[in-house]
Each structure stands twice: as structure tokens, then as C-alpha cells.
Amino acid sequence: MVHLAKRYFVLAALFLLSLILYVDRAAISSAKSAIAGELALSDTSMGWVFGAFSLGYAFAQIPWGWLADRVGPRLALAIVVALWSAFTSLTGLASRASWLLLTRFLFGVAEAGAFPGSARVFYNWLPAQERGIANGILFSGALLGGGLAFPLCQWLLDTYGWRMAFYLLGIPGLVWALSWLIWFRDYPERRIVGDADAVSPIPLPQVLRSRGMAKAMGQYFIGNFTFFICISWMLPYLAEQYSLTPSQAAHFSMVPLLFGAVANWVSGFFVDLLYRSRYRSWSRRAPATLGFLLAASGVYAVILVDSPGAAVAAFAVATFGVELTISPSWAYCIDIGCKNSGSVSAAMNMAGSFGAFASANAFPWLYRLTGDSGTYFRIAAGLNALAILCWFSMRSNHSLEPAQALEKAKAAFNPPKDQFPIQNGEIRNKRHSAQLRHARATTMLDIYQ
């Protein structure tokens with residue numbers, strides 16, 4: 001009972017981490033007009049500011065994921081939260097575009113470790129049948145944080161100005177980092193042992209080179225390309241397209257993110273429900289496929305409507321759909337990554353970061369090129385349809401029943417003696433040894449490709 005209660009506290013702490021992370025991340029969108037006005041920055045320049053975060057976030061994913069796997073998520077998460085909180089406050093010191101670009105890039109580098117570190121926490125602390133709802137709760141915190149950021153930051157901007165707003169926003173993360181370092185431990189007293197420990201003895205480089213990993217990265221790129229519009233250009237788009245005041249646009253912009261938060265809980269629930277049923281092989285694929293279908297429909301509908309309420313409803317459908325894909329995506333990475341789940345999930349999240357970078361710059365660039373803001377939304381709808389195709393052919397080792405998976409594992413590690421001669425417990429020569437390693441890796445990769 002004590003162990004179960006502590007698992008809930010760990011999940012609550014990560015929910016809070018996710019909420020703080022997105023409040024800090026989305027603040028730049030609320031402050032766009034104030035910053036651009038004071039520093040004389042164009043929309044193109046602000047696109048690079050939004051994109052600088054995404055680049056830093058992308059490039060630092062795998063190093064942070066590797067660190068979480070090697071030193072443990074306790075120390076790794078304490079470091080990343082303290083660093084991003086510091087760079088949040090330092091954003092308030094910007095006096096020219098170069099400083100703003102640097103701080104947002106480093107802010108992205110620091111935030112990059114949050115979700116890979118959380119994935120490693122889930123692998124250490126939770127059995128496979130509970131990771132769907134855990135990921136849903138984690139990422140719902142992100143959406144609630146993003147939603148709360150708009151009215152909260154607007155109030156801070158109106159009350160204290162944009163510089164003081166960023167100074168203040170750095171404080172909660174520093175408190176969280178210190179508390180986490182003091183309280184959390186990398187493993188529970190009774191360690192979790194799952195099927196994946198028996199069926200995935202695959203080296204990290206081979207997992208990263210697999211077709212399943214490539215598809216996971218591709219669909220996550222598309223999901224982030226669609227979602228990032230909601231925390232970068234959606235607010236200014238609504239304000240300019242429908243002549244809204246900053247306060248009106250901020251309140252409208254909350255709605256899609258709140259829908260996204262609900263979607264994470266719904267998706268996580270169904271991921272775990274399907275995992276425990278006879279439809280286990282669809283526990284990751286079904287929610288993700290439905291999500292991208294809704295995302296494609298919603299993002300295309302944005303160009304068909306002619307009122308702010310309808311536009312927000314379309315954004316809400318798109319965001320709900322994209323967020324349905326998050327829990328299965330991260331559960332999939334934990335399935336195939338196992339003890340390397342921090343690094344594997346980081347690789348997927350890196351691809352998503354490039355999608356966010358592309359989104360931040362594609363929206364203003366396509367508008368300048370075509371004179372039509374709808375071009376971005378048409379492209380995003382097409383990409384979401386492509387992501388559906390990715391998921392139809394993705395399966396993880398947890399898609400198999402444990403007995404099936406273990407049989408494949410035994411086949412990989414107990415080859416016929418006449419094929420790989422063994423003498424005194426050793427493979428007779430280096431050629432046979434290399435062939436055996438290749439056969440093992442190929443067989444194990446086939447489990448989730």
C-alpha cells in the first residue's frame with residue numbers, strides 16, 4: 001500500500017513538472033507583441049525566436065535521454081528543471097534579438113530532458129499495463145500548463161510587464177527541482193519486472209536503426225508540426241484574423257489546449273484498457289490512428305470557418321486528435337526501449353522537435369509565399385493522413401502475448417547447435433559468433449517491426 005501511494009505521488013510530481021514546463025514554454029507566445037514591439041522584431045524574427053527553442057530542444061534530446069538512463073532520472077530531472085527555470089528568468093534580460101535567440105535556444109536545450117527523464121521514471125516505477133494512463137496524465141499537465149499560460153501570462157504582462165513576468169515564472173521550477181532531488185529515488189523498494197526485460201535484449205543502436213523507430217519518429221514529427229501552431233502562432237492568428245483584443249485571444253486560445261488535456265486522459269485510459277484485453281496488438285495503434293484522423297479533419301476545418309468561435313472549435317478538434325497520439329507514442333518507445341527507454345523516447349521527441357521548428361517557421365513563410373494562411377493548414381492535414389499509414393504498420397514487443405514474445409526470445413538466444421556449433425559453452429569461431437549476434441538482433445527486431 002505504501003509502495004502504491006508513493007507511485008501516485010511520483011505521478012503527481014511529474015504532472016506538476018509537465019504543467020510548469022508548458023507554462024514557461026508558452027509564455028513567449030503571450031509576450032510576443034510586447035517583446036516584438038520593444039525590440040523592434042518582425043514576425044519573421046519572432047518565428048526564428050520560436051524556432052530557436054525547437055532547435056535547442058531537438059539537439060539535446062538524446063544526450064539528456066542517455067543521461068537519464070545512465071545516472072538515473074532523479075539527478076537528471078533535477079538538473080534540467082533547474083536549468084530551464086534559470087533560462088526562463090534570463091529571457092527577461094533580453095535587450096536585442098541575439099540575446100533572445102540565445103536564451104530561447106538554451107531554454108530549449110534545458111527543457112529537452114524533461115520527458116525522456118519522465119519516460120525512464122515510468123519504466124522504473126510502473127508496469128506496462130499502467131504506462132498508458134501515466135503518460136496521459138503527464139502530458140495532460142503539459143496541455144493544462146499551456147492553457148493556463150495564456151491568461152496567467154497576460155495578467156503578469158498587464159500587471160508587471162514582460163520582463164518581470166519572465167523573472168517570476170522561473171521561480172516554481174527551481175522549487176520543484178530542489179524538492180525532487182531531496183524526495184525522489186530512482187527505483188521503488190520493490191522493483192518492477194515486466195515482459196520487456198525478457199524479450200528486448202537489443203542494443204540501443206539497433207533499436208534506433210529499426211523501421212519501427214523510423215515510423216515512430218516520423219509520426220511524432222507530424223504530430224508536433226500540427227500541435228506547435230497552438231503554442232506559437234494560434235494566438236496571434238486568432239487576434240489578427242478576427243480582430244480580437246489580446247485578452248479575448250488569450251481566453252480563446254485556452255480552449256484547444258484544455259481539449260488536448262482531456263484527450264491525454266482518454267487516450268491513456270484506452271491504451272491500458274486495450275492492453276489488458278484480447279486486442280493488445282491495437283493498444284498503441286488504435287488510439288493513435290483515431291487521433292491523427294481527428295487531427296487531419298480539425299486542422300483542415302480551420303480554413304473553412306469564418307468566425308472565431310468556429311475557428312477555436314476546429315483548433316480544439318485538431319488538438320484533441322493530436323493529443324490522442326501522445327500516450328501510445330511514448331508507451332511504444334518504452335516498450336521497445338526498455339532499459340534504454342530514456343534514449344529511445346528522446347530520439348522520437350527529437351524528431352517531434354524538428355516538427356515544431358518546421359511549424360514555427362513554415363506558418364509565416366508559407367503566408368509570405370502564397371498570401372494565404374490556409375496553405376499551412378492544408379499541408380498539415382495531408383501530413384496527418386500520412387501519419388495514419390505509419391501507425392498501421394507499427395507494433396511493439398508488447399503487441400505480442402507474453403508467451404509468444406518469450407518463444408521468440410528463446411528462439412533468438414537458443415539457436416540450433418548444428419547451425420552455430422558450441423564447444424565448452426563458447427561459439428567455436430568469430431564468424432559464427434558474429435552470425436549469432438546478427439541472428440539474435442534480427443529475430444528480436446522482428447518482434448516489433
# chains A, B, ... in the order shown; residues from 1 in each chain; ligands from 1
call {"tool": "closest_atom_pairs", "arguments": {"of": "region 309-397 of chain A", "to": "region 136-142 of chain A", "cutoff": "10 Å", "atoms": "only C-alpha atoms", "output": "Markdown table"}}
result
| residue | atom | partner | partner_atom | distance |
| --- | --- | --- | --- | --- |
| A:Glu323 | CA | A:Phe139 | CA | 8.3 |
| A:Leu324 | CA | A:Gly136 | CA | 8.6 |
| A:Thr325 | CA | A:Gly136 | CA | 9.8 |
| A:Ile326 | CA | A:Gly136 | CA | 7.4 |
| A:Ser327 | CA | A:Gly136 | CA | 5.3 |
| A:Pro328 | CA | A:Gly136 | CA | 8.9 |
| A:Trp330 | CA | A:Gly136 | CA | 9.5 |
| A:Ala331 | CA | A:Gly136 | CA | 9.9 |
call {"tool": "atom_distance", "arguments": {"atom1": "CA of Leu244 (chain A)", "atom2": "CA of Gly355 (chain A)"}}
result
28.3 Å
call {"tool": "residues_around", "arguments": {"residues": "region 9-11 of chain A", "least_positions_apart": "6", "cutoff": "9 Å", "atoms": "only C-alpha atoms", "output": "number ranges by chain"}}
result
A: 121-122, 125, 134, 137-138, 184
call {"tool": "closest_atom_pairs", "arguments": {"of": "region 235-272 of chain A", "to": "region 31-55 of chain A", "cutoff": "12 Å", "atoms": "only C-alpha atoms", "output": "Markdown table"}}
result
| residue | atom | partner | partner_atom | distance |
| --- | --- | --- | --- | --- |
| A:Leu235 | CA | A:Lys32 | CA | 9.7 |
| A:Pro236 | CA | A:Lys32 | CA | 8.4 |
| A:Tyr237 | CA | A:Asp43 | CA | 11.5 |
| A:Ala239 | CA | A:Ser33 | CA | 11.0 |
| A:Glu240 | CA | A:Ser33 | CA | 11.7 |
| A:Thr245 | CA | A:Ser33 | CA | 11.8 |
| A:Pro246 | CA | A:Ser33 | CA | 9.2 |
| A:Ala250 | CA | A:Ala31 | CA | 10.9 |
call {"tool": "residues_around", "arguments": {"residues": "region 271-288 of chain A", "least_positions_apart": "2", "cutoff": "10 Å", "atoms": "only C-alpha atoms", "output": "ChimeraX atom specification"}}
result
/A:128-136,219,265-269,290-294,321-332,387-388,390-401
call {"tool": "atom_distance", "arguments": {"atom1": "CA of Val344 (chain A)", "atom2": "CA of Ala119 (chain A)"}}
result
9.4 Å
call {"tool": "residues_around", "arguments": {"residues": "Gly113 (chain A)", "least_positions_apart": "3", "cutoff": "12 Å", "atoms": "only C-alpha atoms", "output": "MDAnalysis selection string"}}
result
chainID A and resid 17:18 21 56:69 72:84 107:110 116:120 342:343 345:347 349:350
call {"tool": "select_by_dssp", "arguments": {"residues": "region 83-139 of chain A", "states": "alpha helix (DSSP H)", "output": "VMD selection string"}}
result
chain A and resid 83 to 91 97 to 111 114 to 125 131 to 139
call {"tool": "closest_residue", "arguments": {"among": "A:Gly352, A:Leu169, A:Leu101, A:Phe315", "to": "Phe225 (chain A)", "atoms": "only C-alpha atoms"}}
result
A:Gly352
call {"tool": "atom_distance", "arguments": {"atom1": "CA of Ile303 (chain A)", "atom2": "CA of Val23 (chain A)"}}
result
28.0 Å
call {"tool": "decode", "arguments": {"residues": "region 302-331 of chain A", "atoms": "C-alpha atoms", "output": "CSV table (one decimal), in the first residue's frame"}}
result
chain,number,residue,atom,x,y,z
A,302,VAL,CA,-9.7,25.9,-39.7
A,303,ILE,CA,-9.7,27.3,-43.3
A,304,LEU,CA,-13.4,26.5,-43.8
A,305,VAL,CA,-14.8,28.6,-41.0
A,306,ASP,CA,-15.5,32.3,-40.7
A,307,SER,CA,-15.9,33.1,-37.0
A,308,PRO,CA,-13.5,33.0,-34.0
A,309,GLY,CA,-15.7,30.5,-32.2
A,310,ALA,CA,-15.8,28.1,-35.1
A,311,ALA,CA,-12.0,28.5,-35.6
A,312,VAL,CA,-11.4,27.7,-32.0
A,313,ALA,CA,-13.6,24.6,-32.3
A,314,ALA,CA,-11.6,23.4,-35.3
A,315,PHE,CA,-8.3,24.0,-33.4
A,316,ALA,CA,-9.8,22.1,-30.5
A,317,VAL,CA,-10.7,19.1,-32.6
A,318,ALA,CA,-7.2,19.1,-34.1
A,319,THR,CA,-5.5,19.4,-30.7
A,320,PHE,CA,-7.7,16.7,-29.2
A,321,GLY,CA,-6.7,14.4,-32.1
A,322,VAL,CA,-3.0,15.1,-31.9
A,323,GLU,CA,-3.0,14.6,-28.1
A,324,LEU,CA,-4.7,11.2,-28.5
A,325,THR,CA,-1.5,10.1,-30.2
A,326,ILE,CA,0.9,11.1,-27.4
A,327,SER,CA,0.3,8.3,-24.8
A,328,PRO,CA,0.6,5.5,-27.4
A,329,SER,CA,3.7,7.1,-28.8
A,330,TRP,CA,5.5,7.2,-25.5
A,331,ALA,CA,4.2,3.8,-24.4
